[in-house]
2 protein chains.
Amino acid sequence: MDAQLRDRWLATAHERLAAAGLRTGAARERVMECLARDAQCLVSVQELMDRLRRDGGGGSQASLYRILDELHGLGLLHRHVLPDGTSRYELALPGTRHHHFVDEASGRVEPFTDPDLERAIATAARRLGLRMTGHEVVITGRRAVTDGRDQGSSADAP
Amino acid sequence: MDAQLRDRWLATAHERLAAAGLRTGAARERVMECLARDAQCLVSVQELMDRLRRDGGGGSQASLYRILDELHGLGLLHRHVLPDGTSRYELALPGTRHHHFVDEASGRVEPFTDPDLERAIATAARRLGLRMTGHEVVITGRRAVTDGRDQGSSADAP
DNA sequence: TTAGATGCAAAGCTTTTGCAGGATA
DNA sequence: TATCCTGCAAAAGCTTTGCATCTAA
């Protein structure tokens, strides 16, 4: 968990909510703190619900969905839909964009970044004559059996 | 609609179904013909249902879902989930893979291909040490106002 | 004759909505 | 005090399942 990212997101979020003329509510504050901490990479609504309950705060499902939709509308969250049809959210902040890999073996979603891929997407959009507002890359697969072999330099930015 | 693609897919599908020891059923035949014709780029289950009804054949919703799942399991269909949570299918055949662009203005989904992008994805997967079984790229945006200007060479393979 | 294939209806899941009551600025 | 925020419960969609029936091989 990146504490700096968490704080930066919380600050931005509060700022933007205030600018939108919205008030401070207990439920939303709890959700936002949970997101800032646990949604640095895609989390499902169910996972969020569980963590909120575990954190003691409680909160209703309806509020959670409403709040997520609201934050997404303000551009504070990215929203993805997995092949199973459930939606997942993660913090949206400039410079933190990443792609996703779904491990078929475990069902886990993991982030990765790749400047070349990013570039290729931008180029493709330009070729198509599009003003791109967003993009999503999901690679599905399994970890190659590494048996200790070097996997080559990580595509993840350091 | 690409008649050659349609026929090639139907042939492959029949072949693979037979190889899997499955029997011929009226409902599945109708669905397959509809897919071969209308699912060369992502169609929703609802759209398929409508077209099947319009074609007169009828068929139940349960069968449609079952058949789609079955064909997907045999690798004959690609399955995508759009941001609204509904799933869409399209024919899966070697050499016909393409990416998707969602036009925010119209909500339409359109296909495009881009060898460079394809390459970038393969490279990224390799770097990550993954055995890739699938990938999905969705670009969201709007068509730039072209006002007659050349958009550059199309990213679509000729 | 036997294992699939199909349709109908009901159940399951995630997500959304309606409303009344409770906060915030 | 006027909005906005919350929670509860019910509703809405899309998708899956159970079960009895029909059919291809």
# chains A, B, ... in the order shown; residues from 1 in each chain; ligands from 1
$ interface_residues --of "chain D" --to "chain B" --cutoff "9 Å" --atoms "only C-alpha atoms (C1' of nucleotides)" --output "short mmCIF file (atom, residue, chain, number, x, y, z; two decimals) with N, CA, C and O atoms (P, O5', C5', C4', C3', O3' and C1' of nucleotides), in the first residue's frame"
data_model
loop_
_atom_site.label_atom_id
_atom_site.label_comp_id
_atom_site.auth_asym_id
_atom_site.auth_seq_id
_atom_site.Cartn_x
_atom_site.Cartn_y
_atom_site.Cartn_z
P DC D 14 -31.31 -6.43 -19.09
"O5'" DC D 14 -30.28 -7.56 -18.63
"C5'" DC D 14 -28.98 -7.18 -18.25
"C4'" DC D 14 -28.25 -8.35 -17.64
"C3'" DC D 14 -28.07 -9.54 -18.59
"O3'" DC D 14 -26.71 -9.95 -18.50
"C1'" DC D 14 -29.06 -10.25 -16.56
P DT D 15 -26.20 -11.11 -19.48
"O5'" DT D 15 -26.33 -12.40 -18.56
"C5'" DT D 15 -25.69 -12.38 -17.30
"C4'" DT D 15 -25.88 -13.67 -16.54
"C3'" DT D 15 -25.72 -14.97 -17.35
"O3'" DT D 15 -24.71 -15.74 -16.69
"C1'" DT D 15 -27.71 -15.03 -16.06
P DT D 16 -24.39 -17.24 -17.15
"O5'" DT D 16 -25.20 -18.09 -16.09
"C5'" DT D 16 -25.03 -17.81 -14.71
"C4'" DT D 16 -25.84 -18.78 -13.87
"C3'" DT D 16 -25.66 -20.27 -14.21
"O3'" DT D 16 -25.48 -20.95 -12.98
"C1'" DT D 16 -27.95 -19.71 -14.24
P DT D 23 -39.50 -34.30 -30.39
"O5'" DT D 23 -37.96 -34.64 -30.61
"C5'" DT D 23 -36.98 -33.68 -30.22
"C4'" DT D 23 -35.59 -34.19 -30.58
"C3'" DT D 23 -35.53 -35.14 -31.77
"O3'" DT D 23 -34.32 -34.89 -32.46
"C1'" DT D 23 -34.61 -36.22 -29.90
P DA D 24 -34.14 -35.24 -33.99
"O5'" DA D 24 -32.60 -35.60 -34.06
"C5'" DA D 24 -31.65 -34.66 -33.56
"C4'" DA D 24 -30.39 -35.38 -33.12
"C3'" DA D 24 -29.76 -36.25 -34.20
"O3'" DA D 24 -28.36 -36.17 -34.08
"C1'" DA D 24 -30.38 -37.60 -32.36
P DA D 25 -27.43 -36.83 -35.20
"O5'" DA D 25 -27.00 -38.21 -34.54
"C5'" DA D 25 -26.15 -38.21 -33.39
"C4'" DA D 25 -25.90 -39.62 -32.93
"C3'" DA D 25 -25.49 -40.58 -34.07
"O3'" DA D 25 -24.51 -41.49 -33.59
"C1'" DA D 25 -27.39 -41.42 -32.96
#
$ interface_residues --of "chain C" --to "chain B" --cutoff "8 Å" --atoms "only C-alpha atoms (C1' of nucleotides)" --output "VMD selection string"
chain C and resid 4 to 7
$ closest_residue --among "A:His99, A:His14, A:Arg127, A:His80" --to "B:Arg143" --atoms "only C-alpha atoms"
A:Arg127
$ interface_residues --of "chain A" --to "chain B" --cutoff "6 Å" --atoms "only C-alpha atoms" --output "list in words"
Val81, Pro83, Gly85, Leu117, Ala120, Arg127, Gly129, Leu130, Arg131, Met132, Thr133, Gly134, His135, Glu136, Val137, Val138, Ile139, Thr140, Gly141, Arg142, Arg143, Ala144, Gln151, Ser154 and Ala155 of chain A
$ write_last_selection --atoms "C-alpha atoms" --output "PDB file, in the first residue's frame"
ATOM      1  CA  VAL A  81     -15.918  -4.949 -15.408  1.00  0.00           C
ATOM      2  CA  PRO A  83     -15.377 -11.339 -17.353  1.00  0.00           C
ATOM      3  CA  GLY A  85     -19.719  -9.408 -14.920  1.00  0.00           C
ATOM      4  CA  LEU A 117       2.069  -0.655 -24.646  1.00  0.00           C
ATOM      5  CA  ALA A 120       1.046   1.693 -28.911  1.00  0.00           C
ATOM      6  CA  ARG A 127      -4.487   6.392 -36.448  1.00  0.00           C
ATOM      7  CA  GLY A 129      -8.875   9.461 -35.681  1.00  0.00           C
ATOM      8  CA  LEU A 130     -10.171   9.200 -32.151  1.00  0.00           C
ATOM      9  CA  ARG A 131     -10.064  11.501 -29.220  1.00  0.00           C
ATOM     10  CA  MET A 132      -9.359   8.893 -26.594  1.00  0.00           C
ATOM     11  CA  THR A 133     -10.936   9.408 -23.187  1.00  0.00           C
ATOM     12  CA  GLY A 134      -9.921   6.099 -21.706  1.00  0.00           C
ATOM     13  CA  HIS A 135      -8.629   2.657 -22.402  1.00  0.00           C
ATOM     14  CA  GLU A 136      -8.454  -0.688 -20.791  1.00  0.00           C
ATOM     15  CA  VAL A 137      -6.106  -3.567 -21.405  1.00  0.00           C
ATOM     16  CA  VAL A 138      -6.696  -6.889 -19.752  1.00  0.00           C
ATOM     17  CA  ILE A 139      -4.358  -9.776 -20.358  1.00  0.00           C
ATOM     18  CA  THR A 140      -5.642 -13.171 -19.348  1.00  0.00           C
ATOM     19  CA  GLY A 141      -3.276 -16.028 -18.745  1.00  0.00           C
ATOM     20  CA  ARG A 142      -1.201 -17.995 -16.349  1.00  0.00           C
ATOM     21  CA  ARG A 143       2.193 -17.419 -14.932  1.00  0.00           C
ATOM     22  CA  ALA A 144       4.705 -19.359 -16.916  1.00  0.00           C
ATOM     23  CA  GLN A 151      11.828 -13.799 -16.186  1.00  0.00           C
ATOM     24  CA  SER A 154       9.979  -6.565 -15.309  1.00  0.00           C
ATOM     25  CA  ALA A 155       7.681  -4.493 -17.421  1.00  0.00           C
TER      26      ALA A 155
END
$ select_by_dssp --residues "stretch 4-136 of chain A" --states "helix (DSSP H, G or I)" --output "JSON, numbers by chain"
{"A": [4, 5, 6, 7, 8, 9, 10, 11, 12, 13, 14, 15, 16, 17, 18, 19, 26, 27, 28, 29, 30, 31, 32, 33, 34, 35, 36, 37, 38, 45, 46, 47, 48, 49, 50, 51, 52, 53, 54, 61, 62, 63, 64, 65, 66, 67, 68, 69, 70, 71, 72, 73, 115, 116, 117, 118, 119, 120, 121, 122, 123, 124, 125, 126, 127]}
$ decode --residues "stretch 31-46 of chain B" --atoms "all heavy atoms" --output "PDB file, in the first residue's frame"
ATOM      1  N   VAL B  31     -28.987 -20.944 -33.474  1.00  0.00           N
ATOM      2  CA  VAL B  31     -28.122 -19.957 -32.824  1.00  0.00           C
ATOM      3  C   VAL B  31     -26.815 -19.810 -33.593  1.00  0.00           C
ATOM      4  O   VAL B  31     -26.333 -18.702 -33.831  1.00  0.00           O
ATOM      5  CB  VAL B  31     -27.842 -20.356 -31.362  1.00  0.00           C
ATOM      6  CG1 VAL B  31     -26.743 -19.483 -30.773  1.00  0.00           C
ATOM      7  CG2 VAL B  31     -29.112 -20.264 -30.535  1.00  0.00           C
ATOM      8  N   MET B  32     -26.254 -20.931 -34.014  1.00  0.00           N
ATOM      9  CA  MET B  32     -24.981 -20.872 -34.716  1.00  0.00           C
ATOM     10  C   MET B  32     -25.098 -20.126 -36.034  1.00  0.00           C
ATOM     11  O   MET B  32     -24.222 -19.349 -36.405  1.00  0.00           O
ATOM     12  CB  MET B  32     -24.440 -22.275 -34.927  1.00  0.00           C
ATOM     13  CG  MET B  32     -23.750 -22.819 -33.696  1.00  0.00           C
ATOM     14  SD  MET B  32     -23.447 -24.585 -33.775  1.00  0.00           S
ATOM     15  CE  MET B  32     -22.500 -24.725 -35.273  1.00  0.00           C
ATOM     16  N   GLU B  33     -26.179 -20.357 -36.722  1.00  0.00           N
ATOM     17  CA  GLU B  33     -26.332 -19.632 -37.992  1.00  0.00           C
ATOM     18  C   GLU B  33     -26.471 -18.140 -37.756  1.00  0.00           C
ATOM     19  O   GLU B  33     -25.921 -17.317 -38.478  1.00  0.00           O
ATOM     20  CB  GLU B  33     -27.536 -20.155 -38.764  1.00  0.00           C
ATOM     21  CG  GLU B  33     -27.103 -21.099 -39.872  1.00  0.00           C
ATOM     22  CD  GLU B  33     -28.278 -21.754 -40.550  1.00  0.00           C
ATOM     23  OE1 GLU B  33     -29.199 -21.019 -40.959  1.00  0.00           O
ATOM     24  OE2 GLU B  33     -28.279 -23.000 -40.654  1.00  0.00           O
ATOM     25  N   CYS B  34     -27.189 -17.816 -36.719  1.00  0.00           N
ATOM     26  CA  CYS B  34     -27.362 -16.415 -36.375  1.00  0.00           C
ATOM     27  C   CYS B  34     -26.024 -15.791 -35.998  1.00  0.00           C
ATOM     28  O   CYS B  34     -25.686 -14.687 -36.430  1.00  0.00           O
ATOM     29  CB  CYS B  34     -28.357 -16.302 -35.226  1.00  0.00           C
ATOM     30  SG  CYS B  34     -28.787 -14.624 -34.798  1.00  0.00           S
ATOM     31  N   LEU B  35     -25.247 -16.500 -35.226  1.00  0.00           N
ATOM     32  CA  LEU B  35     -23.935 -16.004 -34.815  1.00  0.00           C
ATOM     33  C   LEU B  35     -23.027 -15.811 -36.026  1.00  0.00           C
ATOM     34  O   LEU B  35     -22.383 -14.772 -36.177  1.00  0.00           O
ATOM     35  CB  LEU B  35     -23.275 -17.003 -33.855  1.00  0.00           C
ATOM     36  CG  LEU B  35     -23.794 -17.034 -32.419  1.00  0.00           C
ATOM     37  CD1 LEU B  35     -23.285 -18.260 -31.691  1.00  0.00           C
ATOM     38  CD2 LEU B  35     -23.391 -15.768 -31.687  1.00  0.00           C
ATOM     39  N   ALA B  36     -22.981 -16.820 -36.878  1.00  0.00           N
ATOM     40  CA  ALA B  36     -22.080 -16.775 -38.034  1.00  0.00           C
ATOM     41  C   ALA B  36     -22.376 -15.546 -38.890  1.00  0.00           C
ATOM     42  O   ALA B  36     -21.485 -14.931 -39.463  1.00  0.00           O
ATOM     43  CB  ALA B  36     -22.226 -18.043 -38.857  1.00  0.00           C
ATOM     44  N   ARG B  37     -23.638 -15.209 -38.925  1.00  0.00           N
ATOM     45  CA  ARG B  37     -24.067 -14.080 -39.745  1.00  0.00           C
ATOM     46  C   ARG B  37     -23.887 -12.748 -39.025  1.00  0.00           C
ATOM     47  O   ARG B  37     -23.361 -11.790 -39.582  1.00  0.00           O
ATOM     48  CB  ARG B  37     -25.554 -14.285 -40.099  1.00  0.00           C
ATOM     49  CG  ARG B  37     -26.084 -13.399 -41.164  1.00  0.00           C
ATOM     50  CD  ARG B  37     -27.434 -13.874 -41.719  1.00  0.00           C
ATOM     51  NE  ARG B  37     -28.110 -14.886 -40.917  1.00  0.00           N
ATOM     52  CZ  ARG B  37     -28.996 -14.615 -39.934  1.00  0.00           C
ATOM     53  NH1 ARG B  37     -29.274 -13.376 -39.639  1.00  0.00           N
ATOM     54  NH2 ARG B  37     -29.581 -15.595 -39.288  1.00  0.00           N
ATOM     55  N   ASP B  38     -24.304 -12.719 -37.762  1.00  0.00           N
ATOM     56  CA  ASP B  38     -24.420 -11.426 -37.085  1.00  0.00           C
ATOM     57  C   ASP B  38     -23.420 -11.154 -35.981  1.00  0.00           C
ATOM     58  O   ASP B  38     -23.454 -10.098 -35.374  1.00  0.00           O
ATOM     59  CB  ASP B  38     -25.833 -11.308 -36.495  1.00  0.00           C
ATOM     60  CG  ASP B  38     -26.899 -11.366 -37.573  1.00  0.00           C
ATOM     61  OD1 ASP B  38     -26.623 -10.911 -38.698  1.00  0.00           O
ATOM     62  OD2 ASP B  38     -28.000 -11.880 -37.301  1.00  0.00           O
ATOM     63  N   ALA B  39     -22.573 -12.123 -35.672  1.00  0.00           N
ATOM     64  CA  ALA B  39     -21.664 -11.906 -34.545  1.00  0.00           C
ATOM     65  C   ALA B  39     -20.217 -11.792 -35.000  1.00  0.00           C
ATOM     66  O   ALA B  39     -19.304 -12.220 -34.304  1.00  0.00           O
ATOM     67  CB  ALA B  39     -21.825 -13.025 -33.514  1.00  0.00           C
ATOM     68  N   GLN B  40     -20.012 -11.174 -36.140  1.00  0.00           N
ATOM     69  CA  GLN B  40     -18.634 -11.012 -36.605  1.00  0.00           C
ATOM     70  C   GLN B  40     -17.969  -9.906 -35.802  1.00  0.00           C
ATOM     71  O   GLN B  40     -16.755  -9.802 -35.752  1.00  0.00           O
ATOM     72  CB  GLN B  40     -18.609 -10.779 -38.108  1.00  0.00           C
ATOM     73  CG  GLN B  40     -19.241 -11.971 -38.827  1.00  0.00           C
ATOM     74  CD  GLN B  40     -18.962 -12.016 -40.316  1.00  0.00           C
ATOM     75  OE1 GLN B  40     -18.295 -11.146 -40.866  1.00  0.00           O
ATOM     76  NE2 GLN B  40     -19.466 -13.052 -40.972  1.00  0.00           N
ATOM     77  N   CYS B  41     -18.774  -9.042 -35.196  1.00  0.00           N
ATOM     78  CA  CYS B  41     -18.254  -8.164 -34.154  1.00  0.00           C
ATOM     79  C   CYS B  41     -19.270  -8.189 -33.013  1.00  0.00           C
ATOM     80  O   CYS B  41     -20.463  -8.395 -33.238  1.00  0.00           O
ATOM     81  CB  CYS B  41     -18.027  -6.732 -34.637  1.00  0.00           C
ATOM     82  SG  CYS B  41     -17.279  -5.666 -33.382  1.00  0.00           S
ATOM     83  N   LEU B  42     -18.773  -8.021 -31.802  1.00  0.00           N
ATOM     84  CA  LEU B  42     -19.560  -8.117 -30.567  1.00  0.00           C
ATOM     85  C   LEU B  42     -21.064  -7.857 -30.673  1.00  0.00           C
ATOM     86  O   LEU B  42     -21.491  -6.773 -31.004  1.00  0.00           O
ATOM     87  CB  LEU B  42     -18.989  -7.144 -29.542  1.00  0.00           C
ATOM     88  CG  LEU B  42     -17.564  -7.409 -29.082  1.00  0.00           C
ATOM     89  CD1 LEU B  42     -17.153  -6.361 -28.065  1.00  0.00           C
ATOM     90  CD2 LEU B  42     -17.433  -8.793 -28.512  1.00  0.00           C
ATOM     91  N   VAL B  43     -21.836  -8.864 -30.357  1.00  0.00           N
ATOM     92  CA  VAL B  43     -23.286  -8.660 -30.231  1.00  0.00           C
ATOM     93  C   VAL B  43     -23.721  -9.071 -28.829  1.00  0.00           C
ATOM     94  O   VAL B  43     -23.131  -9.954 -28.224  1.00  0.00           O
ATOM     95  CB  VAL B  43     -24.103  -9.491 -31.243  1.00  0.00           C
ATOM     96  CG1 VAL B  43     -23.898  -8.985 -32.638  1.00  0.00           C
ATOM     97  CG2 VAL B  43     -23.733 -10.961 -31.135  1.00  0.00           C
ATOM     98  N   SER B  44     -24.734  -8.409 -28.340  1.00  0.00           N
ATOM     99  CA  SER B  44     -25.219  -8.724 -27.000  1.00  0.00           C
ATOM    100  C   SER B  44     -26.176  -9.904 -27.064  1.00  0.00           C
ATOM    101  O   SER B  44     -26.714 -10.240 -28.120  1.00  0.00           O
ATOM    102  CB  SER B  44     -25.942  -7.526 -26.410  1.00  0.00           C
ATOM    103  OG  SER B  44     -27.147  -7.309 -27.115  1.00  0.00           O
ATOM    104  N   VAL B  45     -26.382 -10.543 -25.940  1.00  0.00           N
ATOM    105  CA  VAL B  45     -27.288 -11.679 -25.877  1.00  0.00           C
ATOM    106  C   VAL B  45     -28.700 -11.225 -26.260  1.00  0.00           C
ATOM    107  O   VAL B  45     -29.426 -11.932 -26.955  1.00  0.00           O
ATOM    108  CB  VAL B  45     -27.289 -12.283 -24.467  1.00  0.00           C
ATOM    109  CG1 VAL B  45     -28.255 -13.446 -24.384  1.00  0.00           C
ATOM    110  CG2 VAL B  45     -25.895 -12.725 -24.083  1.00  0.00           C
ATOM    111  N   GLN B  46     -29.037 -10.044 -25.810  1.00  0.00           N
ATOM    112  CA  GLN B  46     -30.372  -9.521 -26.108  1.00  0.00           C
ATOM    113  C   GLN B  46     -30.571  -9.356 -27.613  1.00  0.00           C
ATOM    114  O   GLN B  46     -31.605  -9.717 -28.163  1.00  0.00           O
ATOM    115  CB  GLN B  46     -30.582  -8.188 -25.392  1.00  0.00           C
ATOM    116  CG  GLN B  46     -32.027  -7.779 -25.288  1.00  0.00           C
ATOM    117  CD  GLN B  46     -32.896  -8.913 -24.743  1.00  0.00           C
ATOM    118  OE1 GLN B  46     -32.663  -9.397 -23.651  1.00  0.00           O
ATOM    119  NE2 GLN B  46     -33.873  -9.363 -25.514  1.00  0.00           N
TER     120      GLN B  46
END
